[in-house]
$ cat entry-v3.cif   # mmCIF, C-alpha atoms and all ligand atoms
data_entry
#
loop_
_atom_site.label_atom_id
_atom_site.label_comp_id
_atom_site.auth_asym_id
_atom_site.auth_seq_id
_atom_site.Cartn_x
_atom_site.Cartn_y
_atom_site.Cartn_z
CA MET K 1 -7.28 -8.94 210.46
CA ALA K 2 -4.37 -6.86 211.68
CA GLU K 3 -2.55 -4.55 209.33
CA GLY K 4 1.05 -3.49 209.35
CA ARG K 5 4.57 -4.45 208.51
CA ILE K 6 6.78 -6.15 211.05
CA LEU K 7 10.54 -6.59 210.78
CA ILE K 8 12.03 -9.45 212.80
CA VAL K 9 15.75 -9.26 213.63
CA GLU K 10 16.62 -12.65 215.07
CA ASP K 11 19.46 -15.06 214.30
CA GLU K 12 17.68 -18.12 215.68
CA LYS K 13 15.87 -19.28 212.57
CA ASN K 14 13.38 -21.54 214.39
CA ILE K 15 12.15 -18.69 216.53
CA ALA K 16 12.01 -16.32 213.57
CA SER K 17 9.98 -18.67 211.39
CA LEU K 18 7.54 -19.52 214.16
CA VAL K 19 6.97 -15.85 214.97
CA THR K 20 6.66 -15.05 211.25
CA LEU K 21 4.01 -17.73 210.85
CA TYR K 22 1.94 -16.42 213.75
CA LEU K 23 2.20 -12.79 212.67
CA GLU K 24 1.32 -13.62 209.06
CA ASN K 25 -1.70 -15.58 210.23
CA GLU K 26 -2.89 -12.39 211.90
CA GLY K 27 -2.54 -10.48 208.64
CA PHE K 28 0.81 -8.75 209.20
CA ARG K 29 3.40 -8.49 206.46
CA VAL K 30 6.65 -9.84 207.85
CA ASN K 31 10.27 -9.44 206.84
CA HIS K 32 13.15 -11.17 208.59
CA VAL K 33 16.90 -10.61 208.88
CA THR K 34 19.32 -12.81 210.84
CA ASP K 35 22.31 -10.49 211.07
CA GLY K 36 22.40 -7.37 213.21
CA SER K 37 24.45 -5.46 210.69
CA LYS K 38 21.62 -5.84 208.16
CA ALA K 39 18.91 -4.56 210.49
CA LEU K 40 19.25 -0.82 209.94
CA ASP K 41 19.33 -1.24 206.19
CA ALA K 42 16.26 -3.50 206.34
CA VAL K 43 14.39 -0.86 208.35
CA ARG K 44 15.12 1.72 205.66
CA ARG K 45 14.08 -0.54 202.80
CA PHE K 46 11.07 -2.31 204.33
CA GLU K 47 9.79 0.65 206.42
CA PRO K 48 8.19 -1.54 209.10
CA ASP K 49 5.54 -0.32 211.54
CA LEU K 50 7.26 -2.25 214.33
CA VAL K 51 10.58 -4.05 214.87
CA VAL K 52 10.96 -7.25 216.89
CA LEU K 53 14.60 -7.14 217.92
CA ASP K 54 16.67 -9.87 219.56
CA VAL K 55 19.37 -8.65 221.98
CA MET K 56 22.09 -11.19 221.15
CA LEU K 57 22.87 -11.00 217.45
CA PRO K 58 25.87 -11.49 215.20
CA GLY K 59 27.12 -8.36 213.46
CA MET K 60 25.64 -5.71 215.73
CA ASP K 61 23.85 -6.45 218.97
CA GLY K 62 20.23 -5.56 219.58
CA THR K 63 20.91 -2.85 222.14
CA GLU K 64 23.11 -0.97 219.69
CA ILE K 65 20.52 -1.34 216.91
CA CYS K 66 17.84 -0.09 219.30
CA ARG K 67 19.99 2.92 220.22
CA ARG K 68 20.57 3.79 216.57
CA LEU K 69 16.91 3.37 215.60
CA ARG K 70 15.94 5.63 218.48
CA ALA K 71 18.41 8.23 217.32
CA GLU K 72 16.62 8.27 213.96
CA GLY K 73 12.99 8.18 215.06
CA ASP K 74 10.29 6.63 217.17
CA ILE K 75 9.59 3.35 215.38
CA PRO K 76 8.03 0.91 217.90
CA ILE K 77 10.51 -1.73 219.11
CA ILE K 78 9.91 -4.95 221.06
CA MET K 79 13.11 -6.53 222.36
CA LEU K 80 13.61 -10.27 222.78
CA THR K 81 15.80 -10.98 225.79
CA ALA K 82 17.30 -14.32 226.73
CA ARG K 83 17.13 -13.83 230.47
CA ASP K 84 15.40 -11.62 232.98
CA GLN K 85 18.75 -10.00 233.73
CA GLU K 86 18.94 -8.55 230.25
CA VAL K 87 15.74 -6.68 230.96
CA ASP K 88 17.84 -4.32 233.09
CA LYS K 89 19.93 -3.51 230.06
CA VAL K 90 16.94 -3.00 227.82
CA VAL K 91 14.72 -1.03 230.14
CA GLY K 92 17.11 0.15 232.84
CA LEU K 93 19.44 1.87 230.42
CA GLU K 94 16.46 3.52 228.83
CA LEU K 95 17.26 2.37 225.38
CA GLY K 96 13.74 3.36 224.53
CA ALA K 97 12.33 -0.03 223.56
CA ASP K 98 8.53 -0.06 223.82
CA ASP K 99 8.33 -3.49 225.36
CA TYR K 100 10.32 -6.67 225.87
CA VAL K 101 9.61 -10.39 225.90
CA THR K 102 11.81 -12.86 227.75
CA LYS K 103 12.74 -16.12 226.03
CA PRO K 104 11.36 -18.69 225.99
CA PHE K 105 8.05 -17.07 225.06
CA SER K 106 4.92 -18.28 223.32
CA PRO K 107 4.42 -16.85 219.81
CA ARG K 108 0.86 -16.06 220.86
CA GLU K 109 2.15 -13.83 223.65
CA LEU K 110 4.47 -12.01 221.28
CA VAL K 111 1.63 -11.42 218.81
CA ALA K 112 -0.48 -9.98 221.64
CA ARG K 113 2.40 -7.68 222.63
CA VAL K 114 2.89 -6.56 219.03
CA LYS K 115 -0.78 -5.63 218.79
CA ALA K 116 -0.72 -3.87 222.17
CA VAL K 117 2.33 -1.79 221.25
CA LEU K 118 0.83 -0.86 217.88
CA ARG K 119 -2.43 0.16 219.60
CA ARG K 120 -0.53 2.23 222.14
CA THR K 121 1.68 3.96 219.61
CA SER K 122 -1.15 4.75 217.19
CA GLU K 123 -2.97 6.33 220.13
CA CYS K 124 0.05 8.61 220.73
CA SER K 125 -0.09 9.67 217.11
CA GLY K 126 -3.50 11.23 217.72
CA LYS K 127 -6.04 8.47 217.15
CA THR K 128 -8.67 8.34 219.86
CA GLU K 129 -8.67 5.23 221.95
CA LYS K 130 -11.99 3.60 222.74
CA PHE K 131 -12.75 0.04 223.68
CA SER K 132 -15.89 -2.03 223.89
CA LEU K 133 -15.74 -5.35 225.66
CA GLY K 134 -19.15 -6.90 226.13
CA VAL K 135 -21.21 -4.48 228.22
CA LEU K 136 -18.17 -2.36 229.09
CA SER K 137 -17.19 0.75 227.13
CA LEU K 138 -14.01 2.62 227.86
CA ASP K 139 -13.03 6.01 226.47
CA VAL K 140 -9.40 6.50 227.39
CA ASP K 141 -9.06 10.14 226.34
CA ARG K 142 -12.16 11.24 228.26
CA ARG K 143 -11.44 8.79 231.07
CA GLN K 144 -15.03 7.59 230.94
CA VAL K 145 -16.32 4.12 231.66
CA THR K 146 -19.84 2.87 231.09
CA VAL K 147 -21.42 -0.50 231.82
CA ASP K 148 -24.61 -1.20 229.91
CA GLY K 149 -24.66 2.50 229.01
CA SER K 150 -24.52 3.73 232.62
CA PRO K 151 -21.48 5.74 233.71
CA VAL K 152 -19.21 4.20 236.37
CA GLU K 153 -17.21 6.40 238.74
CA LEU K 154 -13.66 5.16 239.21
CA THR K 155 -10.68 6.59 241.06
CA ALA K 156 -7.76 7.67 238.88
CA ARG K 157 -5.77 4.55 239.76
CA GLU K 158 -8.71 2.22 239.21
CA PHE K 159 -9.20 3.77 235.80
CA ASP K 160 -5.52 3.41 234.92
CA LEU K 161 -5.54 -0.23 236.00
CA LEU K 162 -8.68 -0.99 234.00
CA ALA K 163 -7.39 0.87 230.92
CA PHE K 164 -4.05 -0.96 231.11
CA LEU K 165 -5.68 -4.40 231.36
CA VAL K 166 -8.20 -3.66 228.60
CA ARG K 167 -5.55 -2.22 226.31
CA ASN K 168 -3.48 -5.37 226.81
CA ARG K 169 -6.46 -7.70 226.94
CA GLY K 170 -5.71 -11.38 226.82
CA ILE K 171 -2.29 -10.94 228.42
CA VAL K 172 -1.81 -12.13 231.99
CA PHE K 173 0.12 -9.74 234.24
CA SER K 174 1.65 -10.61 237.58
CA ARG K 175 0.95 -8.28 240.49
CA ASP K 176 4.55 -7.07 240.37
CA ARG K 177 4.31 -6.27 236.69
CA LEU K 178 1.08 -4.35 237.27
CA MET K 179 2.73 -2.38 240.07
CA GLU K 180 5.54 -1.58 237.67
CA ARG K 181 3.32 -0.62 234.74
CA VAL K 182 0.28 0.99 236.34
CA TRP K 183 1.76 2.34 239.55
CA GLU K 184 5.13 2.88 237.87
CA TYR K 185 7.03 1.64 240.88
CA ASP K 186 10.46 0.29 240.06
CA HIS K 187 10.43 -1.99 243.05
CA PRO K 188 7.34 -3.94 244.00
CA VAL K 189 5.86 -2.38 247.12
CA ASP K 190 2.93 -4.37 248.42
CA SER K 191 1.22 -6.46 245.79
CA ARG K 192 -1.93 -6.60 247.95
CA THR K 193 -2.49 -3.05 246.70
CA VAL K 194 -3.23 -4.58 243.29
CA ASP K 195 -5.68 -7.07 244.82
CA SER K 196 -7.57 -4.37 246.69
CA HIS K 197 -7.86 -2.21 243.57
CA VAL K 198 -9.08 -5.17 241.52
CA LYS K 199 -11.63 -5.94 244.23
CA SER K 200 -13.10 -2.44 244.30
CA LEU K 201 -12.94 -2.23 240.50
CA ARG K 202 -15.01 -5.40 240.21
CA GLN K 203 -17.55 -4.08 242.69
CA LYS K 204 -17.97 -0.86 240.72
CA LEU K 205 -18.13 -2.61 237.35
CA GLY K 206 -21.15 -4.67 238.42
CA SER K 207 -22.26 -6.86 235.52
CA ALA K 208 -18.92 -6.24 233.74
CA ALA K 209 -16.90 -7.46 236.76
CA ASP K 210 -16.16 -10.79 235.08
CA LEU K 211 -14.02 -9.05 232.47
CA ILE K 212 -11.20 -8.94 234.99
CA LYS K 213 -10.09 -12.49 235.42
CA THR K 214 -7.93 -13.89 238.19
CA VAL K 215 -5.33 -16.31 236.86
CA ARG K 216 -4.48 -18.47 239.83
CA GLY K 217 -0.86 -18.34 240.92
CA VAL K 218 -0.04 -15.73 238.28
CA GLY K 219 -2.06 -12.54 238.36
CA TYR K 220 -4.79 -10.84 236.37
CA LYS K 221 -5.96 -10.28 232.83
CA ALA K 222 -8.87 -8.66 231.07
CA ASP K 223 -10.81 -10.91 228.73
CA ILE K 224 -14.37 -11.60 227.66
CA CA W 301 20.09 -14.36 219.33
#
$ encode --input "entry-v3.cif" --output "structure tokens"
Amino acid sequence: MAEGRILIVEDEKNIASLVTLYLENEGFRVNHVTDGSKALDAVRRFEPDLVVLDVMLPGMDGTEICRRLRAEGDIPIIMLTARDQEVDKVVGLELGADDYVTKPFSPRELVARVKAVLRRTSECSGKTEKFSLGVLSLDVDRRQVTVDGSPVELTAREFDLLAFLVRNRGIVFSRDRLMERVWEYDHPVDSRTVDSHVKSLRQKLGSAADLIKTVRGVGYKADI
């Protein structure tokens, strides 16, 4: 079961209760406010480990709340945006949100993102990050990969791609999104680059190759 306290700032009650239900099922403690002007106070009182923050809110909008929270500290924030265009505002203006999810989204996806952000941020706070998926072991700090106990030599980019997919396992990423996240290109260059890296990664991973799944028409994910 997951641990942690999540604050949801969302005026659409249906979305908030659905997300609350899913997060509570995973073991999180959840608090919920519907008005932007109450968000900062709720953060102080509830001391959440992560905030799920809608952009369009009555009282004070999500971008302003995000800006103010960032001015006070580094609490992890996932923004909920209504359209892809708002992503520019959230990410482009470097508000400092840790991730964003575009509506409509599945509560399952949001839960996966919450867990991924919490994993990522706890790693930054000094915890070592190691993963075991079936026969694959991944030590992120040492940049070591083993399959069935035998070391696997990967290029830096192959390692980054594998670590990103494993860290966010279960989530499907488009080629463009992978270019953006792993290659850190703002504009998609040639998404065949992703395919060729996945191909060579699978070859090197041998019996663990199946961990990287192709999702037809969408992209890739890591999963057992
Ligand atoms: Ca809203």
$ residues_near_ligand --input "entry-v3.cif" --ligand "ligand CA 301 (chain W)" --cutoff "7 Å" --atoms "only C-alpha atoms and all ligand atoms" --output "PyMOL selection string"
chain K and resi 10-12+54-57
$ write_last_selection --input "entry-v3.cif" --atoms "C-alpha atoms" --output "short mmCIF file (atom, residue, chain, number, x, y, z; two decimals), in the coordinates of the input"
data_model
loop_
_atom_site.label_atom_id
_atom_site.label_comp_id
_atom_site.auth_asym_id
_atom_site.auth_seq_id
_atom_site.Cartn_x
_atom_site.Cartn_y
_atom_site.Cartn_z
CA GLU K 10 16.62 -12.65 215.07
CA ASP K 11 19.46 -15.06 214.30
CA GLU K 12 17.68 -18.12 215.68
CA ASP K 54 16.67 -9.87 219.56
CA VAL K 55 19.37 -8.65 221.98
CA MET K 56 22.09 -11.19 221.15
CA LEU K 57 22.87 -11.00 217.45
#
$ residues_around --input "entry-v3.cif" --residues "stretch 168-178 of chain K" --least-positions-apart "2" --cutoff "6 Å" --atoms "only C-alpha atoms" --output "short mmCIF file (atom, residue, chain, number, x, y, z; two decimals) with C-alpha atoms, in the coordinates of the input"
data_model
loop_
_atom_site.label_atom_id
_atom_site.label_comp_id
_atom_site.auth_asym_id
_atom_site.auth_seq_id
_atom_site.Cartn_x
_atom_site.Cartn_y
_atom_site.Cartn_z
CA ALA K 116 -0.72 -3.87 222.17
CA LEU K 165 -5.68 -4.40 231.36
CA VAL K 166 -8.20 -3.66 228.60
CA GLU K 180 5.54 -1.58 237.67
CA ARG K 181 3.32 -0.62 234.74
CA VAL K 182 0.28 0.99 236.34
CA PRO K 188 7.34 -3.94 244.00
CA SER K 191 1.22 -6.46 245.79
CA VAL K 218 -0.04 -15.73 238.28
CA GLY K 219 -2.06 -12.54 238.36
CA TYR K 220 -4.79 -10.84 236.37
CA LYS K 221 -5.96 -10.28 232.83
CA ALA K 222 -8.87 -8.66 231.07
CA ASP K 223 -10.81 -10.91 228.73
#
$ closest_residue --input "entry-v3.cif" --among "K:Asp74, K:Glu24, K:Asp35, K:Asp210" --to "K:Ser122" --atoms "only C-alpha atoms"
K:Asp74
$ residues_around --input "entry-v3.cif" --residues "K:Asp41" --least-positions-apart "5" --cutoff "12 Å" --atoms "only C-alpha atoms" --output "PDB file with C-alpha atoms, in the frame of the given file"
ATOM      1  CA  LEU K   7      10.540  -6.590 210.780  1.00  0.00           C
ATOM      2  CA  VAL K   9      15.750  -9.260 213.630  1.00  0.00           C
ATOM      3  CA  HIS K  32      13.150 -11.170 208.590  1.00  0.00           C
ATOM      4  CA  VAL K  33      16.900 -10.610 208.880  1.00  0.00           C
ATOM      5  CA  ASP K  35      22.310 -10.490 211.070  1.00  0.00           C
ATOM      6  CA  GLY K  36      22.400  -7.370 213.210  1.00  0.00           C
ATOM      7  CA  PHE K  46      11.070  -2.310 204.330  1.00  0.00           C
ATOM      8  CA  GLU K  47       9.790   0.650 206.420  1.00  0.00           C
ATOM      9  CA  PRO K  48       8.190  -1.540 209.100  1.00  0.00           C
ATOM     10  CA  ILE K  65      20.520  -1.340 216.910  1.00  0.00           C
ATOM     11  CA  ARG K  68      20.570   3.790 216.570  1.00  0.00           C
ATOM     12  CA  LEU K  69      16.910   3.370 215.600  1.00  0.00           C
TER      13      LEU K  69
END
$ residues_around --input "entry-v3.cif" --residues "stretch 97-104 of chain K" --least-positions-apart "5" --cutoff "10 Å" --atoms "all atoms listed in the file" --output "compact mmCIF listing (two decimals) with C-alpha atoms, in the frame of the given file"
# COMPACT_ATOMS: atom_id res chain seq x y z
CA ILE K 15 12.15 -18.69 216.53
CA LEU K 50 7.26 -2.25 214.33
CA VAL K 51 10.58 -4.05 214.87
CA VAL K 52 10.96 -7.25 216.89
CA LEU K 53 14.60 -7.14 217.92
CA ASP K 54 16.67 -9.87 219.56
CA THR K 63 20.91 -2.85 222.14
CA CYS K 66 17.84 -0.09 219.30
CA ARG K 67 19.99 2.92 220.22
CA LEU K 69 16.91 3.37 215.60
CA ARG K 70 15.94 5.63 218.48
CA ASP K 74 10.29 6.63 217.17
CA ILE K 75 9.59 3.35 215.38
CA PRO K 76 8.03 0.91 217.90
CA ILE K 77 10.51 -1.73 219.11
CA ILE K 78 9.91 -4.95 221.06
CA MET K 79 13.11 -6.53 222.36
CA LEU K 80 13.61 -10.27 222.78
CA THR K 81 15.80 -10.98 225.79
CA ALA K 82 17.30 -14.32 226.73
CA ARG K 83 17.13 -13.83 230.47
CA ASP K 84 15.40 -11.62 232.98
CA GLN K 85 18.75 -10.00 233.73
CA GLU K 86 18.94 -8.55 230.25
CA VAL K 87 15.74 -6.68 230.96
CA VAL K 90 16.94 -3.00 227.82
CA VAL K 91 14.72 -1.03 230.14
CA GLU K 109 2.15 -13.83 223.65
CA LEU K 110 4.47 -12.01 221.28
CA ARG K 113 2.40 -7.68 222.63
CA VAL K 114 2.89 -6.56 219.03
CA ALA K 116 -0.72 -3.87 222.17
CA VAL K 117 2.33 -1.79 221.25
CA LEU K 118 0.83 -0.86 217.88
CA ARG K 120 -0.53 2.23 222.14
CA THR K 121 1.68 3.96 219.61
$ atom_distance --input "entry-v3.cif" --atom1 "atom CA of K:Asp49" --atom2 "atom CA of K:Leu23"
13.0 Å
$ residues_around --input "entry-v3.cif" --residues "K:Val135" --least-positions-apart "2" --cutoff "9 Å" --atoms "all atoms listed in the file" --output "PyMOL selection string"
chain K and resi 132-133+137+146-149+207-208
$ write_last_selection --input "entry-v3.cif" --atoms "C-alpha atoms" --output "PDB file, in the coordinates of the input"
ATOM      1  CA  SER K 132     -15.890  -2.030 223.890  1.00  0.00           C
ATOM      2  CA  LEU K 133     -15.740  -5.350 225.660  1.00  0.00           C
ATOM      3  CA  SER K 137     -17.190   0.750 227.130  1.00  0.00           C
ATOM      4  CA  THR K 146     -19.840   2.870 231.090  1.00  0.00           C
ATOM      5  CA  VAL K 147     -21.420  -0.500 231.820  1.00  0.00           C
ATOM      6  CA  ASP K 148     -24.610  -1.200 229.910  1.00  0.00           C
ATOM      7  CA  GLY K 149     -24.660   2.500 229.010  1.00  0.00           C
ATOM      8  CA  SER K 207     -22.260  -6.860 235.520  1.00  0.00           C
ATOM      9  CA  ALA K 208     -18.920  -6.240 233.740  1.00  0.00           C
TER      10      ALA K 208
END
$ atom_distance --input "entry-v3.cif" --atom1 "atom CA of K:Asp139" --atom2 "atom CA of K:Phe28"
26.6 Å
$ residues_around --input "entry-v3.cif" --residues "stretch 158-164 of chain K" --least-positions-apart "3" --cutoff "8 Å" --atoms "only C-alpha atoms" --output "VMD selection string"
chain K and resid 138 140 143 154 to 155 167 to 168 178 182 197 to 198 201
$ atom_distance --input "entry-v3.cif" --atom1 "atom CA of K:Gln203" --atom2 "atom CA of K:Phe131"
20.0 Å
